[in-house]
Amino acid sequence: MRVVPAILLFLALVAVCWGKKPHILFIMADDWGWGDVSWSEYAQIPTPRLQELKAESLELMQYYTQPKCTAARAALMTARYPYKMGLQTNRVFNRVSNNTLDMSLKILPGYLKDLGYHTHMAGKWHLGHCNVDATPIGRGFDTDFGSWTNTEDRYTLTTNGVFDWSWNNEVYWPAKGQYTAHLITNHTQHMLKKHFGNENTKDEPVFMYVPYLVPHKPAVVPERYIEETDCSLLKKSYMFKGKW
């Protein structure tokens with residue numbers, strides 16, 4: 001049986017109530033634990049911006065995800081349990097093997113395109129890139145900006161010495177030396193401004209998928225983030241300043 005992502009049911013309900021399709025901005029954090037938000041009883045890290053967002057949002061308290069990169073992304077994109085895709089051991093697609101998410105599966109951006117959505121991605125893919133058809137562009141995104149693999153240096157954007165940052169399947173060298181979170185945020189803002197500033201697209205629905213590389217290791221942040229934040233509860237070993 002073909003699985004239609006649950007988000008489509010949500011969209012159908014919203015469309016009935018509002019009479020139009022909602023815009024979707026889906027932000028995904030990488031390897032983020034429950035104790036990594038300031039409102040958790042296990043909190044060690046202050047997250048004031050997220051707390052502000054939470055105060056105006058619906059918090060899901062019985063919502064489950066997967067503990068590793070590839071399995072979590074595969075579940076989101078397909079609405080399938082990882083064990084149905086050979087990911088039951090939470091294995092991660094590595095950089096050198098011929099791995100990819102099952103090409104026979106239609107995934108979320110493809111369904112949304114059928115509903116008339118513009119689909120864009122900025123961030124980490126990590127669902128296979130052994131051929132062009134397996135990349136985000138080949139799987140239903142109109143545009144893609146970011147990394148195809150998993151843990152690269154946050155400033156040099158390299159994985160085992162190989163540069164890994166692209167824009168629509170072309171190597172994007174201007175990104176080198178910039179912090180990944182800033183790159184992703186700036187590009188997301190650019191794409192949304194471009195969409196809503198264009199007379200031909202401003203009234204059409206857009207899906208913006210924003211999977212950040214943080215807080216997945218390596219634990220590297222610009223020095224000013226540490227200086228501006230009270231991280232006294234964190235172990236010193238996790239506090240790396242500047243370019244590391």
# chains A, B, ... in the order shown; residues from 1 in each chain; ligands from 1
>>> select_by_dssp(residues="stretch 17-200 of chain A", states="alpha helix (DSSP H)", output="PyMOL selection string")
chain A and resi 17-18+48-55+69-78+108-114+180-196
>>> residues_around(residues="A:Leu108", least_positions_apart="2", cutoff="8 Å", atoms="only C-alpha atoms", output="list in words")
Pro5, Leu76, Met77, Thr78, Lys106, Gly110, Tyr111, Leu112 and Gly140 of chain A
>>> write_last_selection(atoms="N, CA and C atoms", output="PDB file, in the first residue's frame")
ATOM      1  N   PRO A   5       2.132  10.793   3.123  1.00  0.00           N
ATOM      2  CA  PRO A   5       2.557  11.442   4.359  1.00  0.00           C
ATOM      3  C   PRO A   5       1.404  12.083   5.102  1.00  0.00           C
ATOM      4  N   LEU A  76      10.617  10.966   7.984  1.00  0.00           N
ATOM      5  CA  LEU A  76       9.931  12.222   7.682  1.00  0.00           C
ATOM      6  C   LEU A  76       9.529  12.298   6.219  1.00  0.00           C
ATOM      7  N   MET A  77      10.436  11.940   5.338  1.00  0.00           N
ATOM      8  CA  MET A  77      10.184  12.089   3.909  1.00  0.00           C
ATOM      9  C   MET A  77       9.212  11.056   3.351  1.00  0.00           C
ATOM     10  N   THR A  78       9.096   9.905   4.005  1.00  0.00           N
ATOM     11  CA  THR A  78       8.266   8.824   3.456  1.00  0.00           C
ATOM     12  C   THR A  78       7.033   8.497   4.285  1.00  0.00           C
ATOM     13  N   LYS A 106       7.854   7.438  -3.587  1.00  0.00           N
ATOM     14  CA  LYS A 106       7.584   8.857  -3.804  1.00  0.00           C
ATOM     15  C   LYS A 106       7.645   9.529  -2.442  1.00  0.00           C
ATOM     16  N   GLY A 110       7.533  15.457  -3.549  1.00  0.00           N
ATOM     17  CA  GLY A 110       6.812  15.023  -4.741  1.00  0.00           C
ATOM     18  C   GLY A 110       5.311  15.121  -4.565  1.00  0.00           C
ATOM     19  N   TYR A 111       4.815  14.700  -3.399  1.00  0.00           N
ATOM     20  CA  TYR A 111       3.390  14.813  -3.113  1.00  0.00           C
ATOM     21  C   TYR A 111       2.955  16.284  -3.079  1.00  0.00           C
ATOM     22  N   LEU A 112       3.789  17.113  -2.466  1.00  0.00           N
ATOM     23  CA  LEU A 112       3.436  18.529  -2.358  1.00  0.00           C
ATOM     24  C   LEU A 112       3.447  19.214  -3.719  1.00  0.00           C
ATOM     25  N   GLY A 140      12.278  15.568  -5.971  1.00  0.00           N
ATOM     26  CA  GLY A 140      11.068  16.386  -5.920  1.00  0.00           C
ATOM     27  C   GLY A 140      11.237  17.830  -5.485  1.00  0.00           C
TER      28      GLY A 140
END
>>> closest_residue(among="A:Ile226, A:Leu115, A:Val171, A:Val214", to="A:Lys21", atoms="only C-alpha atoms")
A:Leu115
>>> closest_residue(among="A:Phe145, A:Phe196, A:Phe207, A:Phe163", to="A:Lys124", atoms="only C-alpha atoms")
A:Phe145
>>> closest_residue(among="A:Pro215, A:Gly146, A:Pro205, A:Pro109", to="A:Leu192", atoms="only C-alpha atoms")
A:Pro205
>>> residues_around(residues="stretch 151-160 of chain A", least_positions_apart="4", cutoff="10 Å", atoms="only C-alpha atoms", output="ChimeraX atom specification")
/A:94-95,124,126,146-147,164-165,173,175-181,213-214,216-222,242-244
>>> write_last_selection(atoms="N, CA, C and O atoms", output="compact mmCIF listing (two decimals), in the first residue's frame")
# COMPACT_ATOMS: atom_id res chain seq x y z
N ASN A 94 26.62 6.19 4.65
CA ASN A 94 27.97 6.77 4.69
C ASN A 94 28.30 7.46 3.37
O ASN A 94 27.50 7.50 2.44
N ARG A 95 29.52 7.97 3.29
CA ARG A 95 29.88 8.84 2.18
C ARG A 95 30.40 8.09 0.95
O ARG A 95 30.49 8.66 -0.13
N LYS A 124 20.89 19.96 5.23
CA LYS A 124 21.51 18.63 5.14
C LYS A 124 20.54 17.58 4.59
O LYS A 124 19.47 17.36 5.15
N HIS A 126 21.45 13.90 3.38
CA HIS A 126 21.84 12.64 4.03
C HIS A 126 20.87 11.48 3.77
O HIS A 126 20.62 10.65 4.63
N GLY A 146 23.00 23.21 0.03
CA GLY A 146 23.50 22.63 1.26
C GLY A 146 24.41 21.43 1.08
O GLY A 146 25.10 21.28 0.08
N SER A 147 24.34 20.54 2.09
CA SER A 147 25.24 19.39 2.18
C SER A 147 24.48 18.10 1.87
O SER A 147 23.33 17.95 2.26
N ASP A 164 31.90 19.66 0.48
CA ASP A 164 30.52 19.16 0.34
C ASP A 164 29.51 20.28 0.58
O ASP A 164 28.93 20.40 1.65
N TRP A 165 29.35 21.12 -0.41
CA TRP A 165 28.29 22.13 -0.37
C TRP A 165 27.91 22.46 -1.81
O TRP A 165 28.78 22.73 -2.64
N TRP A 173 31.31 27.01 -4.24
CA TRP A 173 32.55 27.38 -3.55
C TRP A 173 32.43 28.62 -2.67
O TRP A 173 33.13 28.72 -1.65
N ALA A 175 30.55 29.28 -0.44
CA ALA A 175 30.14 28.92 0.92
C ALA A 175 31.33 28.63 1.82
O ALA A 175 31.21 28.72 3.05
N LYS A 176 32.47 28.29 1.24
CA LYS A 176 33.63 27.87 2.03
C LYS A 176 34.08 28.97 2.98
O LYS A 176 34.21 30.12 2.59
N GLY A 177 34.27 28.58 4.25
CA GLY A 177 34.71 29.53 5.26
C GLY A 177 33.58 30.17 6.04
O GLY A 177 33.82 30.87 7.03
N GLN A 178 32.34 29.92 5.63
CA GLN A 178 31.18 30.47 6.33
C GLN A 178 30.57 29.40 7.24
O GLN A 178 30.61 28.21 6.94
N TYR A 179 29.99 29.83 8.34
CA TYR A 179 29.40 28.90 9.30
C TYR A 179 28.10 28.32 8.72
O TYR A 179 27.26 29.04 8.19
N THR A 180 27.94 27.00 8.81
CA THR A 180 26.82 26.33 8.13
C THR A 180 25.45 26.87 8.52
O THR A 180 24.59 27.07 7.66
N ALA A 181 25.24 27.11 9.82
CA ALA A 181 23.92 27.58 10.26
C ALA A 181 23.59 28.94 9.66
O ALA A 181 22.43 29.22 9.32
N LEU A 213 22.47 21.39 10.24
CA LEU A 213 23.49 20.41 10.59
C LEU A 213 23.74 20.39 12.09
O LEU A 213 24.34 19.45 12.62
N VAL A 214 23.35 21.42 12.79
CA VAL A 214 23.53 21.50 14.25
C VAL A 214 22.27 21.02 14.94
O VAL A 214 21.18 21.08 14.37
N HIS A 216 24.28 18.44 15.76
CA HIS A 216 25.12 17.27 15.49
C HIS A 216 26.61 17.65 15.58
O HIS A 216 26.99 18.76 15.23
N LYS A 217 27.40 16.73 16.10
CA LYS A 217 28.83 16.96 16.17
C LYS A 217 29.40 17.25 14.78
O LYS A 217 28.81 16.81 13.78
N PRO A 218 30.53 17.94 14.67
CA PRO A 218 31.38 18.47 15.74
C PRO A 218 30.75 19.69 16.41
O PRO A 218 30.06 20.48 15.78
N ALA A 219 31.02 19.83 17.71
CA ALA A 219 30.42 20.90 18.51
C ALA A 219 31.18 22.20 18.29
O ALA A 219 32.05 22.58 19.06
N VAL A 220 30.86 22.87 17.21
CA VAL A 220 31.56 24.10 16.84
C VAL A 220 30.54 25.21 16.63
O VAL A 220 29.56 25.05 15.90
N VAL A 221 30.78 26.35 17.29
CA VAL A 221 29.92 27.53 17.10
C VAL A 221 30.79 28.77 17.05
O VAL A 221 31.91 28.76 17.56
N PRO A 222 30.32 29.85 16.45
CA PRO A 222 31.08 31.11 16.50
C PRO A 222 31.30 31.53 17.94
O PRO A 222 30.44 31.34 18.80
N GLY A 242 35.13 29.65 18.22
CA GLY A 242 35.57 30.03 16.88
C GLY A 242 35.71 28.87 15.93
O GLY A 242 34.94 27.92 15.97
N LYS A 243 36.70 28.93 15.07
CA LYS A 243 36.90 27.90 14.06
C LYS A 243 37.73 26.77 14.69
O LYS A 243 38.87 26.97 15.08
N TRP A 244 37.15 25.59 14.72
CA TRP A 244 37.81 24.46 15.39
C TRP A 244 37.98 23.29 14.43
O TRP A 244 37.09 23.01 13.65
>>> atom_distance(atom1="atom CA of A:Tyr225", atom2="atom CA of A:Ala55")
22.9 Å
>>> residues_around(residues="A:Ala74", least_positions_apart="2", cutoff="10 Å", atoms="only C-alpha atoms", output="ChimeraX atom specification")
/A:66,69-72,76-82,85,87,100-102,107,125-127
>>> write_last_selection(atoms="N, CA, C and O atoms", output="PDB file, in the first residue's frame")
ATOM      1  N   GLN A  66      13.419   9.370  15.404  1.00  0.00           N
ATOM      2  CA  GLN A  66      14.499   8.384  15.433  1.00  0.00           C
ATOM      3  C   GLN A  66      15.764   9.025  15.985  1.00  0.00           C
ATOM      4  O   GLN A  66      15.990  10.222  15.831  1.00  0.00           O
ATOM      5  N   CYS A  69      20.566  10.189  12.151  1.00  0.00           N
ATOM      6  CA  CYS A  69      20.329  11.062  11.000  1.00  0.00           C
ATOM      7  C   CYS A  69      19.467  10.458   9.897  1.00  0.00           C
ATOM      8  O   CYS A  69      18.350  10.902   9.639  1.00  0.00           O
ATOM      9  N   THR A  70      19.993   9.454   9.215  1.00  0.00           N
ATOM     10  CA  THR A  70      19.326   8.920   8.038  1.00  0.00           C
ATOM     11  C   THR A  70      17.940   8.383   8.357  1.00  0.00           C
ATOM     12  O   THR A  70      16.972   8.653   7.628  1.00  0.00           O
ATOM     13  N   ALA A  71      17.807   7.634   9.438  1.00  0.00           N
ATOM     14  CA  ALA A  71      16.510   7.035   9.787  1.00  0.00           C
ATOM     15  C   ALA A  71      15.450   8.102  10.044  1.00  0.00           C
ATOM     16  O   ALA A  71      14.291   7.968   9.604  1.00  0.00           O
ATOM     17  N   ALA A  72      15.821   9.164  10.749  1.00  0.00           N
ATOM     18  CA  ALA A  72      14.863  10.229  11.052  1.00  0.00           C
ATOM     19  C   ALA A  72      14.420  10.942   9.782  1.00  0.00           C
ATOM     20  O   ALA A  72      13.227  11.230   9.586  1.00  0.00           O
ATOM     21  N   LEU A  76      10.617  10.966   7.984  1.00  0.00           N
ATOM     22  CA  LEU A  76       9.931  12.222   7.682  1.00  0.00           C
ATOM     23  C   LEU A  76       9.529  12.298   6.219  1.00  0.00           C
ATOM     24  O   LEU A  76       8.400  12.664   5.885  1.00  0.00           O
ATOM     25  N   MET A  77      10.436  11.940   5.338  1.00  0.00           N
ATOM     26  CA  MET A  77      10.184  12.089   3.909  1.00  0.00           C
ATOM     27  C   MET A  77       9.212  11.056   3.351  1.00  0.00           C
ATOM     28  O   MET A  77       8.567  11.293   2.329  1.00  0.00           O
ATOM     29  N   THR A  78       9.096   9.905   4.005  1.00  0.00           N
ATOM     30  CA  THR A  78       8.266   8.824   3.456  1.00  0.00           C
ATOM     31  C   THR A  78       7.033   8.497   4.285  1.00  0.00           C
ATOM     32  O   THR A  78       6.137   7.803   3.807  1.00  0.00           O
ATOM     33  N   ALA A  79       6.984   8.942   5.557  1.00  0.00           N
ATOM     34  CA  ALA A  79       5.929   8.567   6.501  1.00  0.00           C
ATOM     35  C   ALA A  79       5.922   7.061   6.760  1.00  0.00           C
ATOM     36  O   ALA A  79       4.903   6.482   7.110  1.00  0.00           O
ATOM     37  N   ARG A  80       7.077   6.432   6.620  1.00  0.00           N
ATOM     38  CA  ARG A  80       7.221   5.005   6.897  1.00  0.00           C
ATOM     39  C   ARG A  80       8.129   4.787   8.104  1.00  0.00           C
ATOM     40  O   ARG A  80       9.031   5.590   8.361  1.00  0.00           O
ATOM     41  N   TYR A  81       7.888   3.691   8.824  1.00  0.00           N
ATOM     42  CA  TYR A  81       8.816   3.320   9.880  1.00  0.00           C
ATOM     43  C   TYR A  81      10.154   2.928   9.241  1.00  0.00           C
ATOM     44  O   TYR A  81      10.173   2.284   8.183  1.00  0.00           O
ATOM     45  N   PRO A  82      11.278   3.277   9.880  1.00  0.00           N
ATOM     46  CA  PRO A  82      12.586   2.954   9.306  1.00  0.00           C
ATOM     47  C   PRO A  82      12.784   1.471   8.993  1.00  0.00           C
ATOM     48  O   PRO A  82      13.445   1.120   8.020  1.00  0.00           O
ATOM     49  N   MET A  85      12.268   0.262   5.597  1.00  0.00           N
ATOM     50  CA  MET A  85      13.177   0.732   4.554  1.00  0.00           C
ATOM     51  C   MET A  85      14.589   0.200   4.773  1.00  0.00           C
ATOM     52  O   MET A  85      15.559   0.733   4.249  1.00  0.00           O
ATOM     53  N   LEU A  87      16.238   0.307   7.579  1.00  0.00           N
ATOM     54  CA  LEU A  87      16.966   1.185   8.493  1.00  0.00           C
ATOM     55  C   LEU A  87      16.649   0.865   9.945  1.00  0.00           C
ATOM     56  O   LEU A  87      16.768   1.718  10.821  1.00  0.00           O
ATOM     57  N   THR A 100      21.190   4.773  -0.904  1.00  0.00           N
ATOM     58  CA  THR A 100      20.219   5.828  -1.163  1.00  0.00           C
ATOM     59  C   THR A 100      18.860   5.386  -0.650  1.00  0.00           C
ATOM     60  O   THR A 100      18.596   4.191  -0.491  1.00  0.00           O
ATOM     61  N   LEU A 101      18.007   6.337  -0.367  1.00  0.00           N
ATOM     62  CA  LEU A 101      16.634   6.024  -0.004  1.00  0.00           C
ATOM     63  C   LEU A 101      15.965   5.346  -1.189  1.00  0.00           C
ATOM     64  O   LEU A 101      16.177   5.750  -2.341  1.00  0.00           O
ATOM     65  N   ASP A 102      15.195   4.312  -0.923  1.00  0.00           N
ATOM     66  CA  ASP A 102      14.538   3.522  -1.972  1.00  0.00           C
ATOM     67  C   ASP A 102      13.979   4.425  -3.070  1.00  0.00           C
ATOM     68  O   ASP A 102      13.085   5.241  -2.848  1.00  0.00           O
ATOM     69  N   ILE A 107       8.359  10.641  -2.330  1.00  0.00           N
ATOM     70  CA  ILE A 107       8.545  11.252  -1.023  1.00  0.00           C
ATOM     71  C   ILE A 107       7.828  12.602  -0.928  1.00  0.00           C
ATOM     72  O   ILE A 107       7.238  13.083  -1.894  1.00  0.00           O
ATOM     73  N   TRP A 125      20.942  16.898   3.545  1.00  0.00           N
ATOM     74  CA  TRP A 125      20.115  15.882   2.896  1.00  0.00           C
ATOM     75  C   TRP A 125      20.305  14.515   3.560  1.00  0.00           C
ATOM     76  O   TRP A 125      19.416  13.984   4.193  1.00  0.00           O
ATOM     77  N   HIS A 126      21.450  13.903   3.382  1.00  0.00           N
ATOM     78  CA  HIS A 126      21.837  12.643   4.028  1.00  0.00           C
ATOM     79  C   HIS A 126      20.874  11.484   3.767  1.00  0.00           C
ATOM     80  O   HIS A 126      20.623  10.648   4.630  1.00  0.00           O
ATOM     81  N   LEU A 127      20.333  11.436   2.547  1.00  0.00           N
ATOM     82  CA  LEU A 127      19.481  10.316   2.157  1.00  0.00           C
ATOM     83  C   LEU A 127      19.984   9.661   0.866  1.00  0.00           C
ATOM     84  O   LEU A 127      19.228   9.004   0.172  1.00  0.00           O
TER      85      LEU A 127
END
>>> closest_residue(among="A:Glu228, A:Glu170, A:Asp31, A:Glu41", to="A:Val132", atoms="only C-alpha atoms")
A:Glu170
>>> atom_distance(atom1="atom CA of A:Asn169", atom2="atom CA of A:Asn198")
23.9 Å
>>> select_by_dssp(residues="stretch 12-127 of chain A", states="strand (DSSP E)", output="PyMOL selection string")
chain A and resi 24-28+118-124
>>> residues_around(residues="stretch 118-121 of chain A", least_positions_apart="3", cutoff="6 Å", atoms="only C-alpha atoms", output="PDB file with C-alpha atoms, in the first residue's frame")
ATOM      1  CA  PHE A 141      12.666  19.626  -4.748  1.00  0.00           C
ATOM      2  CA  ASP A 142      12.717  22.566  -7.149  1.00  0.00           C
ATOM      3  CA  THR A 143      15.930  23.884  -5.583  1.00  0.00           C
ATOM      4  CA  ASP A 144      18.540  22.542  -3.169  1.00  0.00           C
ATOM      5  CA  VAL A 206       5.546  27.101  -0.851  1.00  0.00           C
ATOM      6  CA  PHE A 207       7.238  24.291   1.092  1.00  0.00           C
ATOM      7  CA  MET A 208      10.602  25.249   2.574  1.00  0.00           C
ATOM      8  CA  TYR A 209      12.495  22.333   4.154  1.00  0.00           C
ATOM      9  CA  VAL A 210      15.306  23.538   6.437  1.00  0.00           C
TER      10      VAL A 210
END
>>> residues_around(residues="A:Leu50", least_positions_apart="3", cutoff="10 Å", atoms="only C-alpha atoms", output="ChimeraX atom specification")
/A:37-39,46-47,53-55
>>> closest_residue(among="A:Leu183, A:Lys84, A:Tyr117, A:His129", to="A:His195", atoms="only C-alpha atoms")
A:Tyr117
>>> atom_distance(atom1="atom CA of A:Gln44", atom2="atom CA of A:Asp30")
17.6 Å
